[in-house]
>>> print(open('upload_0.pdb').read())   # PDB, C-alpha atoms
ATOM      1  CA  MET A 108      -5.568 101.422  98.096
ATOM      2  CA  ALA A 109      -3.204 100.512 100.912
ATOM      3  CA  PRO A 110      -2.555  96.948  99.602
ATOM      4  CA  THR A 111      -1.895  98.348  96.148
ATOM      5  CA  ALA A 112       0.623 100.814  97.541
ATOM      6  CA  THR A 113       2.309  98.026  99.495
ATOM      7  CA  MET A 114       2.595  95.844  96.409
ATOM      8  CA  THR A 115       3.966  98.781  94.454
ATOM      9  CA  THR A 116       6.603  99.338  97.119
ATOM     10  CA  LYS A 117       7.537  95.641  97.143
ATOM     11  CA  ASN A 118       7.780  95.590  93.357
ATOM     12  CA  ALA A 119      10.057  98.598  93.451
ATOM     13  CA  LEU A 120      12.315  96.892  95.984
ATOM     14  CA  VAL A 121      12.481  93.739  93.873
ATOM     15  CA  LEU A 122      13.433  95.728  90.801
ATOM     16  CA  LEU A 123      16.091  97.559  92.796
ATOM     17  CA  LEU A 124      17.582  94.289  94.048
ATOM     18  CA  LEU A 125      17.604  92.847  90.546
ATOM     19  CA  ALA A 126      19.368  95.927  89.265
ATOM     20  CA  LEU A 127      22.049  95.650  91.958
ATOM     21  CA  LEU A 128      22.544  91.887  91.708
ATOM     22  CA  PRO A 129      24.752  91.843  88.561
ATOM     23  CA  ILE A 130      27.048  94.426  90.143
ATOM     24  CA  SER A 131      27.637  92.247  93.198
ATOM     25  CA  ILE A 132      28.240  89.205  91.019
ATOM     26  CA  LEU A 133      30.755  91.074  88.887
ATOM     27  CA  CYS A 134      32.555  92.319  91.975
ATOM     28  CA  SER A 135      32.776  88.848  93.445
ATOM     29  CA  ARG A 136      34.159  87.481  90.167
ATOM     30  CA  ALA A 137      36.727  90.232  89.879
ATOM     31  CA  ASP A 138      37.908  89.582  93.428
ATOM     32  CA  PRO A 139      37.573  85.900  94.456
ATOM     33  CA  SER A 140      38.721  86.726  98.006
ATOM     34  CA  ALA A 141      36.113  89.428  98.519
ATOM     35  CA  HIS A 142      34.023  87.101 100.688
ATOM     36  CA  HIS A 143      36.926  86.888 103.130
ATOM     37  CA  SER A 144      38.309  90.406 102.925
ATOM     38  CA  HIS A 145      34.987  92.224 102.446
ATOM     39  CA  GLY A 146      36.554  94.164  99.589
ATOM     40  CA  HIS A 147      39.223  95.892 101.682
ATOM     41  CA  GLY A 148      42.777  96.278 100.366
ATOM     42  CA  PRO A 149      44.210  96.098  96.816
ATOM     43  CA  LYS A 150      44.542  92.732  95.089
ATOM     44  CA  HIS A 151      47.790  92.221  93.187
ATOM     45  CA  SER A 152      47.971  88.443  92.761
ATOM     46  CA  PRO A 153      45.993  86.674  90.040
ATOM     47  CA  PRO A 154      43.948  83.668  91.169
ATOM     48  CA  PRO A 155      46.148  80.548  91.474
ATOM     49  CA  ALA A 156      44.217  78.807  88.708
ATOM     50  CA  THR A 157      44.905  81.717  86.356
ATOM     51  CA  ALA A 158      48.624  81.756  87.243
ATOM     52  CA  ALA A 159      48.918  78.003  86.712
ATOM     53  CA  ALA A 160      47.103  78.302  83.391
ATOM     54  CA  LEU A 161      49.554  80.983  82.238
ATOM     55  CA  VAL A 162      52.519  78.793  83.189
ATOM     56  CA  ARG A 163      51.043  75.836  81.301
ATOM     57  CA  ALA A 164      50.189  77.917  78.239
ATOM     58  CA  THR A 165      53.657  79.460  78.207
ATOM     59  CA  CYS A 166      55.431  76.136  78.668
ATOM     60  CA  ASN A 167      53.295  74.617  75.923
ATOM     61  CA  SER A 168      55.244  76.832  73.519
ATOM     62  CA  THR A 169      58.592  75.380  74.616
ATOM     63  CA  ALA A 170      60.434  72.251  73.521
ATOM     64  CA  TYR A 171      60.592  70.856  77.073
ATOM     65  CA  TYR A 172      57.139  71.276  78.599
ATOM     66  CA  ASP A 173      57.655  69.226  81.786
ATOM     67  CA  LEU A 174      61.017  70.823  82.549
ATOM     68  CA  CYS A 175      59.519  74.255  81.931
ATOM     69  CA  VAL A 176      56.568  73.699  84.279
ATOM     70  CA  SER A 177      58.900  72.302  86.941
ATOM     71  CA  ALA A 178      61.418  75.146  86.669
ATOM     72  CA  LEU A 179      58.812  77.910  86.683
ATOM     73  CA  GLY A 180      56.706  76.284  89.384
ATOM     74  CA  ALA A 181      59.729  75.998  91.681
ATOM     75  CA  ASP A 182      59.867  79.791  91.890
ATOM     76  CA  PRO A 183      57.051  81.256  94.061
ATOM     77  CA  SER A 184      57.113  84.493  92.058
ATOM     78  CA  SER A 185      55.653  82.610  89.079
ATOM     79  CA  ALA A 186      52.270  82.889  90.842
ATOM     80  CA  THR A 187      52.190  86.628  90.123
ATOM     81  CA  ALA A 188      54.348  86.821  86.987
ATOM     82  CA  ASP A 189      53.356  87.731  83.456
ATOM     83  CA  VAL A 190      55.113  86.172  80.463
ATOM     84  CA  ARG A 191      58.049  88.568  80.781
ATOM     85  CA  GLY A 192      58.384  87.604  84.418
ATOM     86  CA  LEU A 193      58.254  83.924  83.501
ATOM     87  CA  SER A 194      61.056  84.412  80.974
ATOM     88  CA  SER A 195      63.198  85.962  83.689
ATOM     89  CA  ILE A 196      62.428  83.041  86.019
ATOM     90  CA  ALA A 197      63.461  80.583  83.298
ATOM     91  CA  VAL A 198      66.739  82.451  82.802
ATOM     92  CA  SER A 199      67.331  82.431  86.560
ATOM     93  CA  ALA A 200      66.814  78.659  86.646
ATOM     94  CA  ALA A 201      69.417  78.268  83.904
ATOM     95  CA  ALA A 202      71.785  80.585  85.801
ATOM     96  CA  ALA A 203      71.413  78.458  88.933
ATOM     97  CA  ASN A 204      72.363  75.397  86.880
ATOM     98  CA  ALA A 205      75.396  77.208  85.468
ATOM     99  CA  SER A 206      76.513  78.188  88.962
ATOM    100  CA  GLY A 207      76.163  74.567  89.999
ATOM    101  CA  GLY A 208      78.202  73.498  86.997
ATOM    102  CA  ALA A 209      81.013  75.881  87.941
ATOM    103  CA  ALA A 210      81.014  74.577  91.503
ATOM    104  CA  THR A 211      80.973  70.959  90.311
ATOM    105  CA  ALA A 212      83.906  71.465  87.946
ATOM    106  CA  ALA A 213      85.900  73.286  90.628
ATOM    107  CA  ALA A 214      85.217  70.520  93.152
ATOM    108  CA  LEU A 215      86.323  67.865  90.671
ATOM    109  CA  ALA A 216      89.481  69.829  89.916
ATOM    110  CA  ASN A 217      90.317  70.068  93.614
ATOM    111  CA  GLY A 218      89.645  66.362  93.971
ATOM    112  CA  THR A 219      92.325  65.503  91.397
ATOM    113  CA  ALA A 220      94.936  67.811  92.941
ATOM    114  CA  THR A 221      96.577  64.967  94.863
ATOM    115  CA  ALA A 222      96.134  62.352  92.154
ATOM    116  CA  GLN A 223      98.845  61.065  89.848
ATOM    117  CA  ALA A 224     100.817  63.513  87.726
ATOM    118  CA  ALA A 225      99.091  62.105  84.643
ATOM    119  CA  ASP A 226      95.870  63.769  85.844
ATOM    120  CA  ALA A 227      97.393  67.247  85.664
ATOM    121  CA  THR A 228      95.813  67.698  82.238
ATOM    122  CA  VAL A 229      92.415  66.644  83.559
ATOM    123  CA  GLN A 230      92.771  69.064  86.450
ATOM    124  CA  ALA A 231      93.548  71.899  84.046
ATOM    125  CA  LEU A 232      90.579  70.966  81.893
ATOM    126  CA  LEU A 233      88.285  70.957  84.897
ATOM    127  CA  ARG A 234      89.423  74.425  85.904
ATOM    128  CA  THR A 235      88.745  75.586  82.367
ATOM    129  CA  CYS A 236      85.288  74.029  82.598
ATOM    130  CA  ALA A 237      84.629  75.862  85.863
ATOM    131  CA  ALA A 238      85.519  79.110  84.123
ATOM    132  CA  LYS A 239      83.262  78.305  81.162
ATOM    133  CA  TYR A 240      80.303  77.637  83.436
ATOM    134  CA  GLY A 241      81.074  80.905  85.191
ATOM    135  CA  LEU A 242      80.882  82.688  81.849
ATOM    136  CA  ALA A 243      77.550  80.977  81.188
ATOM    137  CA  ARG A 244      76.247  82.258  84.518
ATOM    138  CA  ASP A 245      77.416  85.799  83.687
ATOM    139  CA  ALA A 246      75.781  85.635  80.252
ATOM    140  CA  LEU A 247      72.488  84.601  81.832
ATOM    141  CA  SER A 248      72.748  87.470  84.291
ATOM    142  CA  ALA A 249      73.145  89.810  81.316
ATOM    143  CA  ALA A 250      70.127  88.163  79.708
ATOM    144  CA  ARG A 251      68.018  88.995  82.770
ATOM    145  CA  ASP A 252      69.093  92.623  82.506
ATOM    146  CA  SER A 253      68.128  92.667  78.829
ATOM    147  CA  ILE A 254      64.702  91.202  79.616
ATOM    148  CA  ALA A 255      64.161  93.882  82.258
ATOM    149  CA  GLN A 256      64.916  96.471  79.561
ATOM    150  CA  GLN A 257      62.637  94.620  77.118
ATOM    151  CA  ASP A 258      65.586  94.116  74.788
ATOM    152  CA  TYR A 259      64.671  90.588  73.780
ATOM    153  CA  ASP A 260      67.113  90.284  70.890
ATOM    154  CA  TYR A 261      70.092  90.789  73.184
ATOM    155  CA  ALA A 262      68.514  88.523  75.780
ATOM    156  CA  SER A 263      68.381  85.743  73.198
ATOM    157  CA  VAL A 264      72.022  86.322  72.240
ATOM    158  CA  HIS A 265      73.136  86.056  75.863
ATOM    159  CA  VAL A 266      71.114  82.894  76.529
ATOM    160  CA  SER A 267      72.417  81.268  73.344
ATOM    161  CA  ALA A 268      75.979  82.084  74.392
ATOM    162  CA  ALA A 269      75.371  80.577  77.824
ATOM    163  CA  ALA A 270      74.303  77.292  76.231
ATOM    164  CA  GLU A 271      77.499  77.191  74.158
ATOM    165  CA  TYR A 272      80.075  77.545  76.942
ATOM    166  CA  PRO A 273      79.666  74.019  78.419
ATOM    167  CA  GLN A 274      80.033  72.560  74.936
ATOM    168  CA  VAL A 275      83.526  74.085  74.797
ATOM    169  CA  CYS A 276      84.328  72.185  77.975
ATOM    170  CA  LYS A 277      83.191  68.907  76.423
ATOM    171  CA  ALA A 278      85.087  69.575  73.196
ATOM    172  CA  LEU A 279      88.317  70.185  75.137
ATOM    173  CA  PHE A 280      87.934  66.913  77.004
ATOM    174  CA  ARG A 281      87.272  64.980  73.819
ATOM    175  CA  ARG A 282      90.356  66.431  72.180
ATOM    176  CA  GLN A 283      92.809  66.117  75.073
ATOM    177  CA  ARG A 284      91.375  63.329  77.220
ATOM    178  CA  PRO A 285      88.906  61.249  75.159
ATOM    179  CA  GLY A 286      86.527  59.309  77.353
ATOM    180  CA  ALA A 287      87.446  61.265  80.499
ATOM    181  CA  TYR A 288      84.595  63.801  80.355
ATOM    182  CA  PRO A 289      83.026  63.590  83.845
ATOM    183  CA  ALA A 290      79.459  62.293  83.979
ATOM    184  CA  GLU A 291      78.570  65.054  86.452
ATOM    185  CA  LEU A 292      79.496  67.717  83.920
ATOM    186  CA  ALA A 293      77.760  65.863  81.089
ATOM    187  CA  ALA A 294      74.540  65.950  83.154
ATOM    188  CA  ARG A 295      75.015  69.649  83.902
ATOM    189  CA  GLU A 296      75.617  70.418  80.244
ATOM    190  CA  ASP A 297      72.472  68.571  79.186
ATOM    191  CA  ALA A 298      70.306  70.282  81.807
ATOM    192  CA  LEU A 299      71.708  73.734  81.047
ATOM    193  CA  GLY A 300      71.121  73.278  77.320
ATOM    194  CA  LYS A 301      67.477  72.366  77.928
ATOM    195  CA  LEU A 302      66.894  75.204  80.393
ATOM    196  CA  CYS A 303      68.400  77.675  77.922
ATOM    197  CA  SER A 304      66.129  76.251  75.230
ATOM    198  CA  VAL A 305      63.103  76.861  77.460
ATOM    199  CA  ALA A 306      64.248  80.411  78.176
ATOM    200  CA  LEU A 307      64.800  81.105  74.481
ATOM    201  CA  ASP A 308      61.344  79.814  73.581
ATOM    202  CA  ILE A 309      59.683  82.051  76.161
ATOM    203  CA  ILE A 310      61.737  85.056  75.062
ATOM    204  CA  ALA A 311      60.583  84.322  71.505
ATOM    205  CA  LEU A 312      56.984  84.594  72.716
ATOM    206  CA  LEU A 313      57.766  88.061  74.025
ATOM    207  CA  SER A 314      59.448  89.101  70.787
ATOM    208  CA  ASN A 315      56.522  87.890  68.704
ATOM    209  CA  SER A 316      54.003  89.704  70.892
ATOM    210  CA  ASN A 317      55.686  93.081  70.331
TER     211      ASN A 317
END
>>> encode(input="upload_0.pdb", output="structure tokens")
Amino acid sequence: MAPTATMTTKNALVLLLLALLPISILCSRADPSAHHSHGHGPKHSPPPATAAALVRATCNSTAYYDLCVSALGADPSSATADVRGLSSIAVSAAAANASGGAATAAALANGTATAQAADATVQALLRTCAAKYGLARDALSAARDSIAQQDYDYASVHVSAAAEYPQVCKALFRRQRPGAYPAELAAREDALGKLCSVALDIIALLSNSN
């Protein structure tokens, strides 16, 4: 009878272990770092693979996939962001470009201050361009506020406006000084337009999900 009792006890232990095994597996899957942290402390960050997959999936819905992945990946907060957070990061990237455009235009204007009197018109145009890029930056700041309030329609309006301001700069140059539009500003305008397009596409994802 003793061997039978021993076998019964062993069988009971085996069944108990089998019953507990799925729980441990599920816990380890839910928290990939559990083996290192032993389950202590809250986990706020999604696994890197999951974050990267969300960035790729989100950027796949934009017109400029590579630019989108690069812009979002450059911000460390993209590792813990949801789609709304990614839209805000995209808007911030566009705002940084707009700030750079304003600084570039201002620097070019200052560089022509001692040039010939004939460049006075170009100098004035460059100062206007600096102001336009400043307005683009402000519009993108307003877009971030709208995203935070989940007002995606207004966010889209602000981003669209931001993309338009540099085009005013180019139009003024073409009308008053054809062929004198600085290559530096042309590059800024192109980059800002694409970044705004990415931001608008991501905001559209948010609007469609509501």
>>> closest_residue(input="upload_0.pdb", among="A:Thr228, A:Ser253, A:Ser314, A:Ser184", to="Gln283 in chain A", atoms="only C-alpha atoms")
A:Thr228
>>> residues_near_point(input="upload_0.pdb", point="(77.0, 87.2, 78.6)", cutoff="12 Å", atoms="all atoms listed in the file", output="PyMOL selection string")
chain A and resi 202+239-253+261-272
>>> atom_distance(input="upload_0.pdb", atom1="CA of Leu292 in chain A", atom2="CA of Gly208 in chain A")
6.7 Å
>>> closest_residue(input="upload_0.pdb", among="A:Leu161, A:Cys175, A:Val198, A:Ala290", to="Thr211 in chain A", atoms="all atoms listed in the file")
A:Ala290
>>> resolve_selection(input="upload_0.pdb", expression="the PyMOL selection byres ((chain A and resi 291) around 12)", output="tab-separated table (two decimals) with C-alpha atoms, in the coordinates of the input")
chain	number	residue	atom	x	y	z
A	207	GLY	CA	76.16	74.57	90.00
A	208	GLY	CA	78.20	73.50	87.00
A	209	ALA	CA	81.01	75.88	87.94
A	210	ALA	CA	81.01	74.58	91.50
A	211	THR	CA	80.97	70.96	90.31
A	212	ALA	CA	83.91	71.46	87.95
A	213	ALA	CA	85.90	73.29	90.63
A	214	ALA	CA	85.22	70.52	93.15
A	215	LEU	CA	86.32	67.86	90.67
A	233	LEU	CA	88.28	70.96	84.90
A	236	CYS	CA	85.29	74.03	82.60
A	277	LYS	CA	83.19	68.91	76.42
A	287	ALA	CA	87.45	61.26	80.50
A	288	TYR	CA	84.60	63.80	80.36
A	289	PRO	CA	83.03	63.59	83.84
A	290	ALA	CA	79.46	62.29	83.98
A	292	LEU	CA	79.50	67.72	83.92
A	293	ALA	CA	77.76	65.86	81.09
A	294	ALA	CA	74.54	65.95	83.15
A	295	ARG	CA	75.02	69.65	83.90
A	296	GLU	CA	75.62	70.42	80.24
A	297	ASP	CA	72.47	68.57	79.19
A	298	ALA	CA	70.31	70.28	81.81
>>> atom_distance(input="upload_0.pdb", atom1="CA of Asn317 in chain A", atom2="CA of Ala203 in chain A")
28.4 Å
>>> closest_residue(input="upload_0.pdb", among="A:Asn217, A:Thr169, A:Ser206, A:Ser195", to="Lys301 in chain A", atoms="all atoms listed in the file")
A:Thr169
>>> closest_residue(input="upload_0.pdb", among="A:Leu279, A:Leu313, A:Ala159, A:Ala170", to="Ser185 in chain A", atoms="all atoms listed in the file")
A:Ala159
